[in-house]
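**Student:** What follows is entry-v8.cif; its format and atoms are mmCIF, C-alpha atoms and all ligand atoms.
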data_input
#
loop_
_atom_site.group_PDB
_atom_site.id
_atom_site.type_symbol
_atom_site.label_atom_id
_atom_site.label_comp_id
_atom_site.auth_asym_id
_atom_site.auth_seq_id
_atom_site.Cartn_x
_atom_site.Cartn_y
_atom_site.Cartn_z
ATOM 1 C CA MET S 209 89.962 83.125 106.468
ATOM 2 C CA THR S 210 86.857 83.927 108.481
ATOM 3 C CA ALA S 211 85.593 82.217 111.609
ATOM 4 C CA PRO S 212 83.830 78.906 110.886
ATOM 5 C CA SER S 213 80.837 80.226 112.756
ATOM 6 C CA ASP S 214 77.169 79.811 112.117
ATOM 7 C CA THR S 215 76.218 82.491 114.634
ATOM 8 C CA GLY S 216 75.895 85.111 111.919
ATOM 9 C CA GLN S 217 77.947 87.449 114.128
ATOM 10 C CA ALA S 218 80.364 89.610 112.175
ATOM 11 C CA SER S 219 83.936 88.894 113.204
ATOM 12 C CA ARG S 220 87.397 90.247 112.434
ATOM 13 C CA THR S 221 89.370 88.340 109.874
ATOM 14 C CA LEU S 222 91.094 85.462 111.610
ATOM 15 C CA ARG S 223 94.751 85.338 110.697
ATOM 16 C CA PRO S 224 96.694 82.050 110.652
ATOM 17 C CA ARG S 225 98.405 81.578 114.003
ATOM 18 C CA ARG S 226 99.502 77.943 114.111
ATOM 19 C CA SER S 227 102.994 78.991 115.219
ATOM 20 C CA CYS S 228 103.432 82.241 117.186
ATOM 21 C CA MET S 229 107.128 83.011 117.474
ATOM 22 C CA ALA S 230 108.357 84.910 120.534
ATOM 23 C CA VAL S 231 111.269 87.258 119.791
ATOM 24 C CA PRO S 232 112.875 89.454 122.478
ATOM 25 C CA GLY S 233 112.560 93.079 121.349
ATOM 26 C CA SER S 234 115.995 93.832 122.756
ATOM 27 C CA ASN S 235 117.863 91.315 120.614
ATOM 28 C CA PRO S 236 118.591 92.489 117.042
ATOM 29 C CA ARG S 237 120.171 89.139 116.115
ATOM 30 C CA PHE S 238 116.963 87.249 116.965
ATOM 31 C CA LEU S 239 114.844 89.957 115.303
ATOM 32 C CA GLU S 240 116.864 89.448 112.136
ATOM 33 C CA LYS S 241 116.703 85.653 112.263
ATOM 34 C CA ALA S 242 112.947 85.467 112.984
ATOM 35 C CA GLN S 243 112.167 87.055 109.613
ATOM 36 C CA GLY S 244 113.442 83.961 107.802
ATOM 37 C CA LEU S 245 111.467 81.398 109.830
ATOM 38 C CA PRO S 246 108.169 79.927 108.571
ATOM 39 C CA ALA S 247 106.166 81.035 111.638
ATOM 40 C CA ASP S 248 102.605 82.267 111.001
ATOM 41 C CA GLN S 249 103.030 85.024 113.600
ATOM 42 C CA VAL S 250 105.913 86.793 115.275
ATOM 43 C CA PHE S 251 105.550 88.762 118.433
ATOM 44 C CA LEU S 252 108.270 91.189 119.342
ATOM 45 C CA ASP S 253 108.439 91.202 123.102
ATOM 46 C CA LEU S 254 108.760 94.168 125.414
ATOM 47 C CA GLU S 255 107.569 92.200 128.442
ATOM 48 C CA ASP S 256 109.239 89.274 130.208
ATOM 49 C CA ALA S 257 111.869 88.461 127.559
ATOM 50 C CA CYS S 258 113.135 92.030 127.826
ATOM 51 C CA ALA S 259 115.030 93.144 130.951
ATOM 52 C CA PRO S 260 113.673 96.307 132.653
ATOM 53 C CA LEU S 261 116.779 98.333 131.829
ATOM 54 C CA ALA S 262 116.628 97.235 128.181
ATOM 55 C CA LYS S 263 112.978 98.201 127.625
ATOM 56 C CA PRO S 264 113.425 101.872 126.584
ATOM 57 C CA ASP S 265 115.891 100.989 123.818
ATOM 58 C CA ALA S 266 113.934 97.888 122.836
ATOM 59 C CA ARG S 267 110.886 100.026 121.969
ATOM 60 C CA HIS S 268 112.945 101.847 119.332
ATOM 61 C CA THR S 269 114.613 98.647 118.123
ATOM 62 C CA ILE S 270 111.152 97.147 117.557
ATOM 63 C CA VAL S 271 109.982 100.223 115.626
ATOM 64 C CA LYS S 272 113.024 99.987 113.389
ATOM 65 C CA PHE S 273 112.629 96.253 112.741
ATOM 66 C CA LEU S 274 108.887 96.547 112.049
ATOM 67 C CA ASN S 275 109.476 99.353 109.561
ATOM 68 C CA GLU S 276 112.598 98.045 107.876
ATOM 69 C CA GLY S 277 112.378 94.245 108.236
ATOM 70 C CA ASP S 278 110.776 91.823 105.791
ATOM 71 C CA TRP S 279 107.888 90.193 107.657
ATOM 72 C CA THR S 280 106.023 89.123 104.519
ATOM 73 C CA GLY S 281 103.467 86.417 105.233
ATOM 74 C CA LYS S 282 103.621 86.860 108.995
ATOM 75 C CA THR S 283 101.198 88.434 111.441
ATOM 76 C CA ARG S 284 103.186 91.150 113.226
ATOM 77 C CA VAL S 285 102.484 91.564 116.932
ATOM 78 C CA VAL S 286 104.168 93.483 119.747
ATOM 79 C CA ARG S 287 103.733 92.362 123.349
ATOM 80 C CA VAL S 288 103.694 95.385 125.647
ATOM 81 C CA ASN S 289 103.970 95.338 129.434
ATOM 82 C CA ASP S 290 100.846 94.849 131.511
ATOM 83 C CA TRP S 291 98.848 97.705 133.033
ATOM 84 C CA THR S 292 100.125 97.086 136.599
ATOM 85 C CA THR S 293 103.562 98.322 135.496
ATOM 86 C CA HIS S 294 104.462 101.918 134.593
ATOM 87 C CA TRP S 295 105.753 100.905 131.155
ATOM 88 C CA THR S 296 102.549 100.128 129.233
ATOM 89 C CA TYR S 297 101.540 103.574 127.956
ATOM 90 C CA ARG S 298 105.049 104.395 126.742
ATOM 91 C CA ASP S 299 105.346 100.966 125.052
ATOM 92 C CA VAL S 300 102.097 101.479 123.152
ATOM 93 C CA ILE S 301 102.709 105.110 122.185
ATOM 94 C CA THR S 302 106.281 104.585 121.005
ATOM 95 C CA VAL S 303 105.557 101.425 119.030
ATOM 96 C CA VAL S 304 102.237 102.434 117.475
ATOM 97 C CA GLU S 305 103.229 106.013 116.655
ATOM 98 C CA GLY S 306 106.506 104.751 115.209
ATOM 99 C CA ALA S 307 105.347 101.644 113.346
ATOM 100 C CA GLY S 308 101.539 101.456 113.571
ATOM 101 C CA GLN S 309 101.142 100.878 109.855
ATOM 102 C CA ASN S 310 103.490 97.902 109.953
ATOM 103 C CA LEU S 311 101.868 96.244 112.928
ATOM 104 C CA ASP S 312 98.805 93.959 113.104
ATOM 105 C CA CYS S 313 98.138 93.483 116.817
ATOM 106 C CA ILE S 314 99.187 94.467 120.296
ATOM 107 C CA MET S 315 99.414 91.629 122.801
ATOM 108 C CA LEU S 316 98.429 92.621 126.328
ATOM 109 C CA PRO S 317 99.762 90.290 129.033
ATOM 110 C CA LYS S 318 98.252 89.420 132.440
ATOM 111 C CA VAL S 319 94.814 90.749 131.511
ATOM 112 C CA GLN S 320 92.531 90.697 134.518
ATOM 113 C CA ASP S 321 89.271 92.279 133.354
ATOM 114 C CA ALA S 322 87.507 93.913 130.411
ATOM 115 C CA GLN S 323 88.537 97.444 131.449
ATOM 116 C CA GLN S 324 92.208 96.668 130.875
ATOM 117 C CA VAL S 325 91.486 95.753 127.259
ATOM 118 C CA GLN S 326 89.225 98.778 126.854
ATOM 119 C CA ALA S 327 91.963 101.093 128.156
ATOM 120 C CA LEU S 328 94.310 99.760 125.468
ATOM 121 C CA ASP S 329 91.552 100.053 122.842
ATOM 122 C CA MET S 330 91.037 103.758 123.717
ATOM 123 C CA LEU S 331 94.736 104.505 123.654
ATOM 124 C CA LEU S 332 95.049 102.823 120.245
ATOM 125 C CA THR S 333 92.111 104.831 118.891
ATOM 126 C CA GLN S 334 93.707 108.103 120.004
ATOM 127 C CA ILE S 335 97.036 107.233 118.445
ATOM 128 C CA GLU S 336 95.464 106.012 115.181
ATOM 129 C CA THR S 337 93.375 109.185 114.954
ATOM 130 C CA THR S 338 96.288 111.489 115.702
ATOM 131 C CA MET S 339 98.565 109.734 113.238
ATOM 132 C CA GLY S 340 95.957 109.490 110.470
ATOM 133 C CA PHE S 341 95.982 105.664 110.553
ATOM 134 C CA GLU S 342 92.862 103.598 109.864
ATOM 135 C CA VAL S 343 90.994 103.565 113.179
ATOM 136 C CA GLY S 344 90.370 100.103 114.598
ATOM 137 C CA ARG S 345 92.714 98.208 112.286
ATOM 138 C CA ILE S 346 95.162 97.143 114.986
ATOM 139 C CA GLY S 347 93.842 94.128 116.869
ATOM 140 C CA ILE S 348 94.349 92.992 120.459
ATOM 141 C CA GLU S 349 95.535 89.652 121.819
ATOM 142 C CA ALA S 350 94.770 89.141 125.532
ATOM 143 C CA GLN S 351 96.892 86.815 127.634
ATOM 144 C CA ILE S 352 95.200 84.975 130.503
ATOM 145 C CA GLU S 353 97.845 84.463 133.164
ATOM 146 C CA ASN S 354 96.196 84.457 136.567
ATOM 147 C CA ALA S 355 93.066 83.387 138.403
ATOM 148 C CA LYS S 356 91.345 86.752 138.010
ATOM 149 C CA GLY S 357 91.869 86.735 134.264
ATOM 150 C CA LEU S 358 90.487 83.221 133.959
ATOM 151 C CA VAL S 359 87.437 83.960 136.109
ATOM 152 C CA ASN S 360 86.773 87.058 133.977
ATOM 153 C CA VAL S 361 87.639 85.473 130.649
ATOM 154 C CA ASP S 362 84.123 85.843 129.214
ATOM 155 C CA GLU S 363 84.025 89.604 129.750
ATOM 156 C CA ILE S 364 87.594 89.885 128.452
ATOM 157 C CA ALA S 365 86.624 88.029 125.258
ATOM 158 C CA ALA S 366 83.663 90.390 124.796
ATOM 159 C CA SER S 367 85.524 93.545 125.810
ATOM 160 C CA SER S 368 86.408 95.135 122.454
ATOM 161 C CA PRO S 369 85.839 94.683 118.714
ATOM 162 C CA ARG S 370 89.638 94.741 118.424
ATOM 163 C CA MET S 371 89.934 91.403 120.237
ATOM 164 C CA GLU S 372 91.399 88.670 118.012
ATOM 165 C CA THR S 373 92.757 85.994 120.331
ATOM 166 C CA ILE S 374 92.877 84.774 123.881
ATOM 167 C CA VAL S 375 96.271 83.389 124.788
ATOM 168 C CA PHE S 376 97.014 81.040 127.687
ATOM 169 C CA GLY S 377 100.189 82.035 129.578
ATOM 170 C CA PRO S 378 101.100 78.850 131.457
ATOM 171 C CA ALA S 379 104.268 80.086 133.200
ATOM 172 C CA ASP S 380 102.699 83.088 134.903
ATOM 173 C CA PHE S 381 99.483 81.165 135.450
ATOM 174 C CA MET S 382 101.225 78.284 137.234
ATOM 175 C CA ALA S 383 103.031 80.773 139.472
ATOM 176 C CA SER S 384 99.882 82.761 140.200
ATOM 177 C CA ILE S 385 97.876 79.764 141.394
ATOM 178 C CA ASN S 386 100.814 78.251 143.385
ATOM 179 C CA MET S 387 101.045 75.170 141.204
ATOM 180 C CA LYS S 388 103.766 72.838 142.500
ATOM 181 C CA SER S 389 105.838 72.613 139.348
ATOM 182 C CA LEU S 390 108.804 74.304 137.772
ATOM 183 C CA VAL S 391 108.533 72.868 134.273
ATOM 184 C CA VAL S 392 106.248 74.959 132.078
ATOM 185 C CA GLY S 393 103.888 72.881 129.990
ATOM 186 C CA GLU S 394 104.601 69.620 131.836
ATOM 187 C CA GLN S 395 102.106 68.122 134.265
ATOM 188 C CA PRO S 396 102.821 68.959 137.933
ATOM 189 C CA PRO S 397 104.251 65.917 139.728
ATOM 190 C CA GLY S 398 101.718 64.151 141.952
ATOM 191 C CA TYR S 399 98.626 64.941 139.897
ATOM 192 C CA PRO S 400 97.458 61.861 138.019
ATOM 193 C CA SER S 401 95.490 63.591 135.281
ATOM 194 C CA ASP S 402 95.719 66.644 133.002
ATOM 195 C CA ALA S 403 96.101 69.656 135.305
ATOM 196 C CA TYR S 404 95.532 72.092 132.412
ATOM 197 C CA HIS S 405 92.346 70.648 130.987
ATOM 198 C CA TYR S 406 89.948 72.963 132.817
ATOM 199 C CA ILE S 407 91.996 76.088 132.078
ATOM 200 C CA LEU S 408 92.393 75.287 128.397
ATOM 201 C CA MET S 409 88.717 74.464 127.972
ATOM 202 C CA ARG S 410 87.578 77.545 129.892
ATOM 203 C CA ILE S 411 89.638 79.793 127.597
ATOM 204 C CA LEU S 412 88.473 77.902 124.507
ATOM 205 C CA MET S 413 84.786 78.313 125.411
ATOM 206 C CA ALA S 414 85.159 82.072 125.882
ATOM 207 C CA ALA S 415 87.083 82.353 122.612
ATOM 208 C CA ARG S 416 84.573 80.372 120.591
ATOM 209 C CA MET S 417 81.631 82.181 122.170
ATOM 210 C CA HIS S 418 83.007 85.411 120.656
ATOM 211 C CA ASP S 419 84.549 84.022 117.444
ATOM 212 C CA LEU S 420 88.091 84.593 118.672
ATOM 213 C CA GLN S 421 91.099 82.359 118.284
ATOM 214 C CA ALA S 422 92.486 80.394 121.231
ATOM 215 C CA ILE S 423 96.260 80.137 121.443
ATOM 216 C CA ASP S 424 98.312 77.949 123.784
ATOM 217 C CA GLY S 425 101.399 79.501 125.361
ATOM 218 C CA PRO S 426 105.043 78.431 125.548
ATOM 219 C CA TYR S 427 106.786 75.136 126.212
ATOM 220 C CA LEU S 428 110.064 76.106 127.799
ATOM 221 C CA GLN S 429 112.075 72.874 127.355
ATOM 222 C CA ILE S 430 113.054 74.191 123.958
ATOM 223 C CA LYS S 431 115.367 71.314 123.025
ATOM 224 C CA ASP S 432 112.717 68.677 123.755
ATOM 225 C CA VAL S 433 110.766 68.698 120.470
ATOM 226 C CA ASP S 434 108.933 65.447 121.361
ATOM 227 C CA GLY S 435 107.742 67.044 124.605
ATOM 228 C CA PHE S 436 106.632 70.121 122.648
ATOM 229 C CA ARG S 437 104.735 67.952 120.164
ATOM 230 C CA GLU S 438 102.909 66.115 122.928
ATOM 231 C CA VAL S 439 101.763 69.315 124.646
ATOM 232 C CA ALA S 440 100.876 70.981 121.331
ATOM 233 C CA GLN S 441 98.870 67.931 120.258
ATOM 234 C CA ARG S 442 96.758 68.144 123.406
ATOM 235 C CA ALA S 443 95.823 71.769 122.678
ATOM 236 C CA ALA S 444 95.256 71.097 118.963
ATOM 237 C CA ALA S 445 92.999 68.131 119.749
ATOM 238 C CA LEU S 446 90.781 70.335 121.907
ATOM 239 C CA GLY S 447 90.427 72.852 119.060
ATOM 240 C CA TYR S 448 93.147 75.434 119.775
ATOM 241 C CA ASP S 449 94.313 77.394 116.758
ATOM 242 C CA GLY S 450 98.017 77.524 117.532
ATOM 243 C CA LYS S 451 100.810 77.686 120.068
ATOM 244 C CA TRP S 452 103.760 79.841 120.931
ATOM 245 C CA VAL S 453 107.140 78.766 119.649
ATOM 246 C CA LEU S 454 110.379 79.864 121.285
ATOM 247 C CA HIS S 455 112.873 78.069 119.093
ATOM 248 C CA PRO S 456 113.168 77.457 115.344
ATOM 249 C CA GLY S 457 112.880 73.686 116.042
ATOM 250 C CA GLN S 458 109.326 74.154 117.330
ATOM 251 C CA VAL S 459 108.023 76.059 114.280
ATOM 252 C CA GLU S 460 107.564 73.196 111.797
ATOM 253 C CA ALA S 461 106.099 71.000 114.528
ATOM 254 C CA ALA S 462 103.477 73.630 115.418
ATOM 255 C CA ASN S 463 102.592 74.265 111.761
ATOM 256 C CA GLU S 464 102.064 70.549 111.242
ATOM 257 C CA ILE S 465 100.177 69.868 114.478
ATOM 258 C CA PHE S 466 97.764 72.792 114.108
ATOM 259 C CA SER S 467 96.959 71.857 110.497
ATOM 260 C CA PRO S 468 94.762 68.830 109.765
ATOM 261 C CA SER S 469 96.449 65.689 108.438
ATOM 262 C CA GLN S 470 96.106 65.232 104.657
ATOM 263 C CA ASP S 471 93.735 62.271 105.252
ATOM 264 C CA ASP S 472 91.482 64.294 107.555
ATOM 265 C CA TYR S 473 91.504 67.238 105.164
ATOM 266 C CA ASP S 474 90.589 65.052 102.151
ATOM 267 C CA HIS S 475 87.875 63.352 104.187
ATOM 268 C CA ALA S 476 86.434 66.712 105.274
ATOM 269 C CA GLU S 477 86.272 67.959 101.679
ATOM 270 C CA MET S 478 84.578 64.692 100.683
ATOM 271 C CA ILE S 479 81.942 65.143 103.402
ATOM 272 C CA LEU S 480 81.261 68.700 102.197
ATOM 273 C CA ASP S 481 80.886 67.559 98.571
ATOM 274 C CA ALA S 482 78.642 64.648 99.560
ATOM 275 C CA TYR S 483 76.495 66.873 101.769
ATOM 276 C CA GLU S 484 76.042 69.419 99.016
ATOM 277 C CA TYR S 485 74.937 66.653 96.646
ATOM 278 C CA PHE S 486 72.463 64.755 98.859
ATOM 279 C CA THR S 487 70.747 67.893 100.150
ATOM 280 C CA SER S 488 70.264 69.179 96.575
ATOM 281 C CA GLU S 489 67.254 68.638 94.309
ATOM 282 C CA LYS S 490 69.292 66.219 92.210
ATOM 283 C CA GLY S 491 70.528 64.312 95.255
ATOM 284 C CA GLY S 492 67.018 63.822 96.648
ATOM 285 C CA LYS S 493 66.862 66.739 99.154
ATOM 286 C CA LYS S 494 67.905 64.377 101.947
ATOM 287 C CA GLY S 495 68.784 65.527 105.485
ATOM 288 C CA SER S 496 71.251 62.695 106.024
ATOM 289 C CA ALA S 497 72.977 60.073 103.895
ATOM 290 C CA MET S 498 75.674 57.409 104.007
ATOM 291 C CA LEU S 499 79.248 58.202 102.997
ATOM 292 C CA GLY S 500 80.926 54.787 103.001
ATOM 293 C CA ASP S 501 80.141 53.304 106.422
ATOM 294 C CA GLU S 502 79.450 56.675 107.995
ATOM 295 C CA MET S 503 76.154 58.469 108.296
ATOM 296 C CA ILE S 504 76.543 62.201 107.739
ATOM 297 C CA ASP S 505 74.175 65.104 108.299
ATOM 298 C CA GLU S 506 74.211 68.840 109.002
ATOM 299 C CA ALA S 507 76.348 68.408 112.141
ATOM 300 C CA SER S 508 78.877 66.411 110.118
ATOM 301 C CA ARG S 509 78.976 69.306 107.646
ATOM 302 C CA LYS S 510 79.851 71.734 110.440
ATOM 303 C CA MET S 511 82.629 69.479 111.749
ATOM 304 C CA ALA S 512 83.960 69.032 108.215
ATOM 305 C CA LEU S 513 83.874 72.784 107.690
ATOM 306 C CA VAL S 514 86.215 73.287 110.675
ATOM 307 C CA ILE S 515 88.792 70.790 109.380
ATOM 308 C CA ALA S 516 88.469 71.970 105.776
ATOM 309 C CA GLY S 517 88.759 75.604 106.922
ATOM 310 C CA LYS S 518 91.987 74.887 108.820
ATOM 311 C CA GLY S 519 93.349 72.943 105.837
ATOM 312 C CA ARG S 520 92.468 75.625 103.308
ATOM 313 C CA ALA S 521 94.072 78.268 105.523
ATOM 314 C CA ALA S 522 97.206 76.122 105.631
ATOM 315 C CA GLY S 523 97.211 76.020 101.811
ATOM 316 C CA MET S 524 96.258 72.297 101.484
HETATM 317 C C1 LIG A 601 103.694 83.485 128.957
HETATM 318 O O1 LIG A 601 103.677 84.672 128.977
HETATM 319 C C2 LIG A 601 103.602 82.682 130.137
HETATM 320 O O2 LIG A 601 103.597 83.282 131.224
HETATM 321 O O3 LIG A 601 103.545 81.449 130.016
HETATM 322 MG MG MG A 602 103.616 85.451 130.977
#
Just give me the structure of the file as structure tokens.
Ligand code: GLV
Ligand code: MG
**Tutor:**
Amino acid sequence: MTAPSDTGQASRTLRPRRSCMAVPGSNPRFLEKAQGLPADQVFLDLEDACAPLAKPDARHTIVKFLNEGDWTGKTRVVRVNDWTTHWTYRDVITVVEGAGQNLDCIMLPKVQDAQQVQALDMLLTQIETTMGFEVGRIGIEAQIENAKGLVNVDEIAASSPRMETIVFGPADFMASINMKSLVVGEQPPGYPSDAYHYILMRILMAARMHDLQAIDGPYLQIKDVDGFREVAQRAAALGYDGKWVLHPGQVEAANEIFSPSQDDYDHAEMILDAYEYFTSEKGGKKGSAMLGDEMIDEASRKMALVIAGKGRAAGM
């Protein structure tokens, strides 16, 4: 699947990411179980789901599971620690040297500016060159988790040709801006509207400007699937490509919510067929035409292309 973009700008292949499953890199049982779940992406975590004392062993556990596990059909990502810690370089070197050919992306958390992505890009290039891997194949996912990252999100999106997605990290973000709430994903009490609208839209604009995917972060009330659906639906409605899932119960919901409904998909394909006909010689070379009660034109084609693209990627 390629970006539904008319900018003509070359972009990396966009991988399906409706459901992005978080799996602690220090937990072999979860690493085993995740392989059997229908998530589009898994990310094996060396950051916050992995205790500091467990990180050194977890790096090797991740290498083993990437090399020996069956991740068929899934985008394989490792989340390393952010550059303000002393763990990042060792995370990247151990994981990419050990399993670089069985890994699609590195996720970098708490990204604050373009240089942080570029530092990771350079390190990846050195490792790929040294190991004889294809240079530039491994992509980067950047998490936006604080005010500085959000203010600099445009330069972060443009920072490297390895960039594939921008990911909203609500838990760290809420903490970093002193939001008065303890429930990640829920609206903070006392605010009558959607407290996340600006943040989500800001990230989405930067992502779309650079043909990247926009991914919504976790919903921590993992047993509340209705609550998850509501939050996921908000992000999907805006145009987000997917959301993190922390529990098997959230996977099917995310796959459904970030795919178009069958009716919308069929309608989108009908618009594309109709457009192709009425703009053709045979159809009268028209710029717009009626499809039932609806007038459609070039802009309708673009909207239909987005829905049809998501549906085709989901195998509809
Ligand atoms: C994810 O990393 C978050 O902070 O929400
Ligand atoms: Mg975080």
**Student:** Name all residues at most 8 Å from region 272-281 of chain S (count only C-alpha atoms; drop same-chain ones fewer than 5 positions away) and give them as a list in words.
**Tutor:**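 Here the qualifying residues turn out to be Leu239, Glu240, Gln243, Asp248, Ala307, Asn310 and Leu311 of chain S.
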**Student:** What lies within 9 Å of Asp290 (chain S) using only C-alpha atoms, ignoring chain neighbours under 5 positions off, as a list in words?
**Tutor:**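 Using only C-alpha atoms, the neighbours found are Glu255, Trp295, Thr296, Leu316, Pro317, Lys318, Val319 and Gln324 of chain S.
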**Student:** Show me, as a list in words, the residues that have an atom within 7 Å of Arg284 (chain S) when counting only C-alpha atoms, minus same-chain residues fewer than 5 positions from it.
**Tutor:**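 Using only C-alpha atoms, the neighbours found are Gln249, Val250, Phe251, Leu311, Asp312 and Cys313 of chain S.
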**Student:** Mind dumping a table of every chain S residue within 6 Å of ligand LIG 601 (chain A), with the nearest atom pair and its distance in Å to one decimal, using all atoms listed in the file, sorted by chain and rising number, as a tab-separated table?
**Tutor:**
residue	atom	partner	partner_atom	distance
S:Gly377	CA	A:LIG601	O3	3.4
S:Pro378	CA	A:LIG601	O3	3.8
S:Ala379	CA	A:LIG601	O3	3.5
S:Asp380	CA	A:LIG601	O2	3.8
S:Gly425	CA	A:LIG601	O3	5.5
S:Pro426	CA	A:LIG601	O3	5.6
**Student:** Those selected residues, please, written with C-alpha atoms and delivered as an mmCIF file, in the frame of the given file.
**Tutor:**
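Produced file selection.cif, reproduced below:
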data_model
loop_
_atom_site.group_PDB
_atom_site.id
_atom_site.type_symbol
_atom_site.label_atom_id
_atom_site.label_comp_id
_atom_site.auth_asym_id
_atom_site.auth_seq_id
_atom_site.Cartn_x
_atom_site.Cartn_y
_atom_site.Cartn_z
ATOM 1 C CA GLY S 377 100.189 82.035 129.578
ATOM 2 C CA PRO S 378 101.100 78.850 131.457
ATOM 3 C CA ALA S 379 104.268 80.086 133.200
ATOM 4 C CA ASP S 380 102.699 83.088 134.903
ATOM 5 C CA GLY S 425 101.399 79.501 125.361
ATOM 6 C CA PRO S 426 105.043 78.431 125.548
#
**Student:** Under the PyMOL selection byres (((chain S and resi 484) around 12) and not hetatm), which residues of this model are included? Write them out as a ChimeraX atom specification.
**Tutor:** /S:477-483,485-497,504-506,508-509
**Student:** Just how far from CA of Leu428 (chain S) is CA of Ala462 (chain S), in Å to one decimal?
**Tutor:** 14.2 Å
**Student:** Any chance you could work out the axis-aligned box around region 505-516 of chain S, listed atoms only, 8 Å on each side, giving centre and edge lengths in Å to one decimal, as lines of an AutoDock Vina configuration file?
**Tutor:**
center_x = 81.5
center_y = 69.2
center_z = 109.0
size_x = 30.6
size_y = 24.2
size_z = 22.4
**Student:** Name the residues captured by the PyMOL selection byres (((chain S and resi 453) around 10) and not hetatm) when it is applied to the shown file; answer as a VMD selection string.
**Tutor:** chain S and resid 226 to 231 247 249 to 250 424 to 428 430 436 450 to 452 454 to 462
**Student:** Work out how far apart CA of Ser384 (chain S) and CA of Met413 (chain S) are and give it in Å to one decimal.
**Tutor:**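 Spanning CA of Ser384 (chain S) to CA of Met413 (chain S) is a straight-line distance of 21.6 Å.
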**Student:** Would you mind reading off the distance between CA of Arg345 (chain S) and CA of Glu372 (chain S), one decimal, in Å?
**Tutor:**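 Distance reported for this atom pair: 11.2 Å.
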**Student:** Using all atoms listed in the file - which residues lie no farther than 10 Å from the point (93.7, 101.3, 118.6) in the file's frame? Write them as JSON, numbers by chain.
**Tutor:** {"S": [300, 304, 308, 313, 314, 326, 327, 328, 329, 330, 331, 332, 333, 334, 335, 336, 337, 341, 342, 343, 344, 345, 346, 347, 348, 370]}
**Student:** Store the residues picked out above in a file with C-alpha atoms, as a PDB file, in the frame of the given file.
**Tutor:**
ATOM      1  CA  VAL S 300     102.097 101.479 123.152  1.00  0.00           C
ATOM      2  CA  VAL S 304     102.237 102.434 117.475  1.00  0.00           C
ATOM      3  CA  GLY S 308     101.539 101.456 113.571  1.00  0.00           C
ATOM      4  CA  CYS S 313      98.138  93.483 116.817  1.00  0.00           C
ATOM      5  CA  ILE S 314      99.187  94.467 120.296  1.00  0.00           C
ATOM      6  CA  GLN S 326      89.225  98.778 126.854  1.00  0.00           C
ATOM      7  CA  ALA S 327      91.963 101.093 128.156  1.00  0.00           C
ATOM      8  CA  LEU S 328      94.310  99.760 125.468  1.00  0.00           C
ATOM      9  CA  ASP S 329      91.552 100.053 122.842  1.00  0.00           C
ATOM     10  CA  MET S 330      91.037 103.758 123.717  1.00  0.00           C
ATOM     11  CA  LEU S 331      94.736 104.505 123.654  1.00  0.00           C
ATOM     12  CA  LEU S 332      95.049 102.823 120.245  1.00  0.00           C
ATOM     13  CA  THR S 333      92.111 104.831 118.891  1.00  0.00           C
ATOM     14  CA  GLN S 334      93.707 108.103 120.004  1.00  0.00           C
ATOM     15  CA  ILE S 335      97.036 107.233 118.445  1.00  0.00           C
ATOM     16  CA  GLU S 336      95.464 106.012 115.181  1.00  0.00           C
ATOM     17  CA  THR S 337      93.375 109.185 114.954  1.00  0.00           C
ATOM     18  CA  PHE S 341      95.982 105.664 110.553  1.00  0.00           C
ATOM     19  CA  GLU S 342      92.862 103.598 109.864  1.00  0.00           C
ATOM     20  CA  VAL S 343      90.994 103.565 113.179  1.00  0.00           C
ATOM     21  CA  GLY S 344      90.370 100.103 114.598  1.00  0.00           C
ATOM     22  CA  ARG S 345      92.714  98.208 112.286  1.00  0.00           C
ATOM     23  CA  ILE S 346      95.162  97.143 114.986  1.00  0.00           C
ATOM     24  CA  GLY S 347      93.842  94.128 116.869  1.00  0.00           C
ATOM     25  CA  ILE S 348      94.349  92.992 120.459  1.00  0.00           C
ATOM     26  CA  ARG S 370      89.638  94.741 118.424  1.00  0.00           C
TER      27      ARG S 370
END
**Student:** Rank S:Arg225, S:Arg237, S:Arg220, S:Lys518 by their smallest atom-to-atom distance to Ile423 (chain S), using all atoms listed in the file, and report the top residue only.
**Tutor:**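 Closest candidate: S:Arg225.
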**Student:** Run the PyMOL selection byres (((chain S and resi 365) around 9) and not hetatm) mentally over the shown coordinates, then write out the matched residues as a list in words, using the chain letters and numbers from the document.
**Tutor:**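 Selected by the PyMOL selection byres (((chain S and resi 365) around 9) and not hetatm) in this file: Ala322, Ala350, Asn360, Val361, Asp362, Glu363, Ile364, Ala366, Ser367, Ser368, Met371, Glu372, Thr373, Ile374, Ala414, Ala415, Met417, His418 and Leu420 of chain S.
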**Student:** Would you please work out which residue, of S:Gln309, S:Asn463, S:Gln351, S:Thr283, is nearest to ligand MG 602 (chain A) when using all atoms listed in the file?
**Tutor:**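 Closest to ligand MG 602 (chain A), using all atoms listed in the file: S:Gln351.
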**Student:** Go through S:Arg287, S:Arg298, S:Lys282, S:His268 one by one, measure the shortest atom-to-atom distance of each to ligand MG 602 (chain A) using only C-alpha atoms and all ligand atoms, and give the residue with the smallest value.
**Tutor:**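 Answer, going by the shortest atom-to-atom distance: S:Arg287.
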**Student:** Of the candidates S:Val375, S:Ala242, S:Leu261, S:Leu513, which one gets nearest to ligand MG 602 (chain A) if we count all atoms listed in the file?
**Tutor:**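 Among the listed residues, S:Val375 lies closest to ligand MG 602 (chain A).
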**Student:** Hey, which of S:Thr269, S:Gln470, S:Ser401, S:Asn354 ends up closest to ligand MG 602 (chain A)? Count all atoms listed in the file.
**Tutor:** S:Asn354
**Student:** So, with only C-alpha atoms and all ligand atoms as the atoms that count, which of S:Val325, S:Gly306, S:Trp291, S:Phe381 lies closest to ligand MG 602 (chain A)?
**Tutor:** S:Phe381
